[in-house]
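Containing mmCIF, C-alpha atoms and all ligand atoms: data.cif.
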data_protein
#
loop_
_atom_site.label_atom_id
_atom_site.label_comp_id
_atom_site.auth_asym_id
_atom_site.auth_seq_id
_atom_site.Cartn_x
_atom_site.Cartn_y
_atom_site.Cartn_z
CA MET A 205 0.00 0.00 0.00
CA ALA A 206 1.37 3.43 -0.94
CA ILE A 207 1.82 5.67 2.09
CA ARG A 208 2.45 9.36 1.50
CA PHE A 209 4.04 11.55 4.13
CA THR A 210 6.70 14.19 4.61
CA LEU A 211 10.02 12.95 5.94
CA ASN A 212 12.56 15.47 7.16
CA GLY A 213 11.04 18.07 4.85
CA ASP A 214 10.80 15.90 1.74
CA GLU A 215 7.60 14.51 0.25
CA THR A 216 7.87 10.73 0.43
CA THR A 217 5.80 7.88 -1.00
CA LEU A 218 6.49 4.36 0.16
CA ASP A 219 4.90 1.05 -0.80
CA VAL A 220 4.90 -0.77 2.52
CA ASP A 221 2.69 -2.83 4.83
CA PRO A 222 0.67 -0.16 6.70
CA ALA A 223 1.00 -2.18 9.90
CA LYS A 224 4.79 -2.00 9.85
CA PRO A 225 6.11 0.16 12.71
CA LEU A 226 7.43 3.56 11.67
CA LEU A 227 10.71 2.69 13.43
CA TRP A 228 11.43 -0.26 11.14
CA THR A 229 10.19 1.59 8.06
CA LEU A 230 12.71 4.33 8.78
CA ARG A 231 15.55 1.94 9.47
CA GLU A 232 14.92 -0.82 6.92
CA ASP A 233 12.97 0.72 4.04
CA ILE A 234 14.34 4.26 4.07
CA GLY A 235 17.84 3.66 5.43
CA LEU A 236 17.82 6.12 8.32
CA PRO A 237 19.48 4.27 11.22
CA GLY A 238 19.58 7.15 13.72
CA THR A 239 16.27 6.23 15.33
CA LYS A 240 16.99 3.37 17.72
CA PHE A 241 15.20 0.22 18.85
CA GLY A 242 15.18 -0.18 22.61
CA CYS A 243 12.16 -2.01 24.00
CA GLY A 244 9.77 -2.12 21.04
CA ALA A 245 6.89 -1.59 23.44
CA GLY A 246 6.66 2.17 23.92
CA LEU A 247 8.45 2.04 27.27
CA CYS A 248 11.96 3.45 26.84
CA GLY A 249 11.83 6.39 24.40
CA ALA A 250 14.87 5.33 22.33
CA CYS A 251 12.77 5.37 19.14
CA THR A 252 11.30 8.87 19.60
CA VAL A 253 10.69 10.94 16.47
CA HIS A 254 8.40 13.91 15.79
CA VAL A 255 5.07 13.43 14.02
CA ASP A 256 3.64 16.84 13.17
CA GLY A 257 5.95 18.22 15.87
CA VAL A 258 4.78 15.86 18.61
CA ALA A 259 7.28 13.47 20.24
CA THR A 260 6.12 10.02 19.13
CA ARG A 261 7.35 6.49 19.85
CA SER A 262 7.99 5.10 16.42
CA CYS A 263 8.21 1.46 17.60
CA ILE A 264 4.48 1.38 18.33
CA THR A 265 3.32 3.69 15.53
CA PRO A 266 2.19 1.85 12.38
CA ILE A 267 3.39 3.59 9.23
CA GLY A 268 -0.20 3.54 7.96
CA LEU A 269 -1.14 6.09 10.64
CA ILE A 270 1.48 8.48 9.29
CA GLU A 271 -0.32 9.08 5.98
CA GLY A 272 -0.38 12.81 5.25
CA GLN A 273 1.68 13.74 8.30
CA SER A 274 5.14 15.16 8.75
CA VAL A 275 7.87 13.04 10.36
CA THR A 276 11.16 14.43 11.63
CA THR A 277 13.97 12.12 12.73
CA ILE A 278 17.26 12.73 14.52
CA GLU A 279 18.94 13.07 11.12
CA ALA A 280 17.10 16.39 10.67
CA ALA A 281 17.06 17.53 14.31
CA GLY A 282 19.39 20.41 13.49
CA ALA A 283 17.08 21.79 10.79
CA ASP A 284 14.77 23.09 13.51
CA PRO A 285 15.99 26.23 15.34
CA VAL A 286 15.27 24.78 18.78
CA GLY A 287 16.66 21.40 17.73
CA ARG A 288 19.84 23.12 16.64
CA HIS A 289 20.31 24.57 20.12
CA VAL A 290 19.55 21.20 21.69
CA VAL A 291 22.10 19.37 19.53
CA ALA A 292 24.70 22.09 20.21
CA ALA A 293 24.11 21.85 23.96
CA TRP A 294 24.35 18.04 23.83
CA CYS A 295 27.76 18.38 22.17
CA ALA A 296 28.99 21.22 24.38
CA LEU A 297 28.08 19.38 27.58
CA ASP A 298 29.26 16.02 26.27
CA VAL A 299 25.94 14.42 27.24
CA PRO A 300 26.14 10.93 25.68
CA GLN A 301 27.97 8.03 27.26
CA CYS A 302 27.29 4.97 25.09
CA GLY A 303 24.93 7.16 23.05
CA TYR A 304 22.28 4.56 22.36
CA CYS A 305 19.37 6.43 23.95
CA GLN A 306 20.45 9.89 22.87
CA ALA A 307 18.59 10.30 19.58
CA GLY A 308 15.35 9.71 21.46
CA GLN A 309 16.45 12.04 24.27
CA ILE A 310 17.23 14.85 21.80
CA MET A 311 13.96 14.45 19.91
CA ASN A 312 11.91 14.41 23.11
CA ALA A 313 13.83 17.38 24.53
CA THR A 314 13.28 19.40 21.35
CA ALA A 315 9.52 18.78 21.27
CA PHE A 316 9.39 19.62 24.99
CA LEU A 317 11.24 22.94 24.58
CA HIS A 318 8.83 23.95 21.84
CA GLU A 319 6.02 23.50 24.38
CA VAL A 320 7.85 24.83 27.45
CA PRO A 321 10.58 27.28 26.35
CA GLU A 322 11.67 28.19 29.90
CA PRO A 323 11.40 24.97 31.93
CA THR A 324 12.17 24.42 35.59
CA ASP A 325 14.17 21.40 36.73
CA ALA A 326 10.88 19.76 37.74
CA ASP A 327 9.40 20.45 34.29
CA ILE A 328 12.44 18.83 32.67
CA ASP A 329 12.42 15.82 34.96
CA ALA A 330 8.71 15.25 34.34
CA ALA A 331 8.99 15.65 30.57
CA MET A 332 12.04 13.41 30.23
CA ALA A 333 11.01 10.74 32.75
CA GLY A 334 9.89 8.34 30.03
CA ASN A 335 13.21 8.44 28.17
CA LEU A 336 15.42 5.87 29.85
CA CYS A 337 19.22 5.98 29.87
CA ARG A 338 21.03 2.91 31.11
CA CYS A 339 24.21 5.01 31.39
CA ALA A 340 22.37 7.41 33.73
CA SER A 341 23.24 10.57 31.83
CA TYR A 342 20.21 12.30 33.37
CA THR A 343 22.13 15.08 35.10
CA ARG A 344 23.85 16.10 31.86
CA ILE A 345 20.58 15.81 29.93
CA ARG A 346 18.91 18.23 32.33
CA ALA A 347 21.85 20.66 32.14
CA ALA A 348 21.87 20.51 28.33
CA ILE A 349 18.13 21.22 28.13
CA LYS A 350 18.58 24.25 30.37
CA ASP A 351 21.51 25.42 28.26
CA ALA A 352 19.52 24.97 25.03
CA ALA A 353 16.56 26.85 26.51
CA HIS A 354 18.85 29.71 27.52
CA LYS A 355 20.52 29.90 24.08
CA ALA A 356 17.18 29.69 22.26
CA LYS A 357 15.86 32.59 24.35
CA GLU A 358 18.93 34.71 23.52
CA ALA A 359 18.74 33.97 19.78
S1 LIG A 401 11.95 1.29 21.39
FE1 LIG A 401 10.20 2.53 21.28
S2 LIG A 401 9.77 3.13 23.32
FE2 LIG A 401 11.43 1.69 23.49
S1 LIG A 402 23.97 7.17 26.96
FE1 LIG A 402 23.99 4.99 27.13
S2 LIG A 402 21.89 4.47 27.28
FE2 LIG A 402 21.89 6.61 27.43
#

Rewrite the structure from the file as structure tokens, please.
Amino acid sequence: MAIRFTLNGDETTLDVDPAKPLLWTLREDIGLPGTKFGCGAGLCGACTVHVDGVATRSCITPIGLIEGQSVTTIEAAGADPVGRHVVAAWCALDVPQCGYCQAGQIMNATAFLHEVPEPTDADIDAAMAGNLCRCASYTRIRAAIKDAAHKAKEA
């Protein structure tokens, strides 16, 4: 079945089983490996992308539901002004350890900062609580989100 959607700013048409998870469509059919598989059950956040700007767990989102919508993956995180600040802060503060969870962390953080441009620590902790990091980089993640929020406000 032909599914039409926008992917990282480009109109895309894909002939694929509509039940296939967006995560595996991105990785296997489109060749974008940045979005990661963690739990496959919507529990860890490693697979987070944006669908029409909303942080979405791609492992439990059938590609058929994406018809007509706009998907942004980590590969295009820097194309968004807020995303650019988030990526820069992640690099400046050396946030990742093994890095496996970080694409999902960045995508969730970017969607969050669009909603809450000047978050408190409690706001950040609540918003990021569903994105697990087995390397426990949570302190650096919080600092990077605050840094990105500050830079975005100055811009
Ligand atoms: S892989 Fe999607 S939430 Fe864990
Ligand atoms: S940096 Fe290793 S899982 Fe988060």

Taking only C-alpha atoms and all ligand atoms into account, which residues have an atom no farther than 10 Å from ligand LIG 401 (chain A)? I'd like them as a PyMOL selection string.
chain A and resi 225+227+239-253+260-265+305+308+334-336

What box, with edges along x, y and z, holds each listed atom of ligand LIG 402 (chain A) when 3 Å is added on every side, and can you state its centre and edge lengths in Å to one decimal, as JSON?
{"center_x": 22.9, "center_y": 5.8, "center_z": 27.2, "size_x": 8.1, "size_y": 8.7, "size_z": 6.5}

So that I can check the surroundings of Glu319 (chain A), please list as a list in words every protein, DNA and RNA residue that reaches within 12 Å of it, counting only C-alpha atoms and ignoring chain neighbours fewer than 6 positions away.
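The residues that qualify are Gly257, Val258, Ala259, Val286, Asn312, Ala313, Asp327, Ile328, Ala331 and Ala353 of chain A.
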
Per-residue nearest contacts chain A to ligand LIG 402 (chain A), cut-off 9 Å, using only C-alpha atoms and all ligand atoms, as CSV:
residue,atom,partner,partner_atom,distance
A:Ala250,CA,A:LIG402,S2,8.6
A:Val299,CA,A:LIG402,S1,7.5
A:Pro300,CA,A:LIG402,S1,4.5
A:Gln301,CA,A:LIG402,S1,4.1
A:Cys302,CA,A:LIG402,FE1,3.9
A:Gly303,CA,A:LIG402,S1,4.0
A:Tyr304,CA,A:LIG402,S2,4.9
A:Cys305,CA,A:LIG402,FE2,4.3
A:Gln306,CA,A:LIG402,FE2,5.8
A:Gln309,CA,A:LIG402,FE2,8.3
A:Asn335,CA,A:LIG402,FE2,8.9
A:Leu336,CA,A:LIG402,FE2,6.9
A:Cys337,CA,A:LIG402,FE2,3.7
A:Arg338,CA,A:LIG402,S2,4.2
A:Cys339,CA,A:LIG402,FE1,4.3
A:Ala340,CA,A:LIG402,FE2,6.4
A:Ser341,CA,A:LIG402,S1,6.0
A:Tyr342,CA,A:LIG402,FE2,8.4

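CA of His289 (chain A) is positioned 13.5 Å from CA of Glu322 (chain A).
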
For the atom pair CA of Ala296 (chain A) and CA of Leu236 (chain A), what is the interatomic distance in Å to one decimal place?
24.7 Å

Å distance separating CA of Ile234 (chain A) from CA of Met332 (chain A), one decimal place
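Calculated distance between CA of Ile234 (chain A) and CA of Met332 (chain A) is 27.8 Å.
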
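With distances restricted to all atoms listed in the file, A:Ala348 is the closest residue to Trp294 (chain A) from A:Ala330, A:Leu269, A:Ala281, A:Ala348.
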
Excluding Pro285 (chain A) and residues on its chain fewer than 6 positions from it, collect all residues at most 10 Å away from it, counting all atoms listed in the file, and give them as a PyMOL selection string.
chain A and resi 314+318+356+359

Next, write the just-selected residues to a file, as a JSON list (two decimals), in the coordinates of the input, keeping C-alpha atoms as the atom set.
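Writing the result to part04.json gives the following:
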[["chain", "number", "residue", "atom", "x", "y", "z"],
["A", 314, "THR", "CA", 13.28, 19.40, 21.35],
["A", 318, "HIS", "CA", 8.83, 23.95, 21.84],
["A", 356, "ALA", "CA", 17.18, 29.69, 22.26],
["A", 359, "ALA", "CA", 18.74, 33.97, 19.78]]
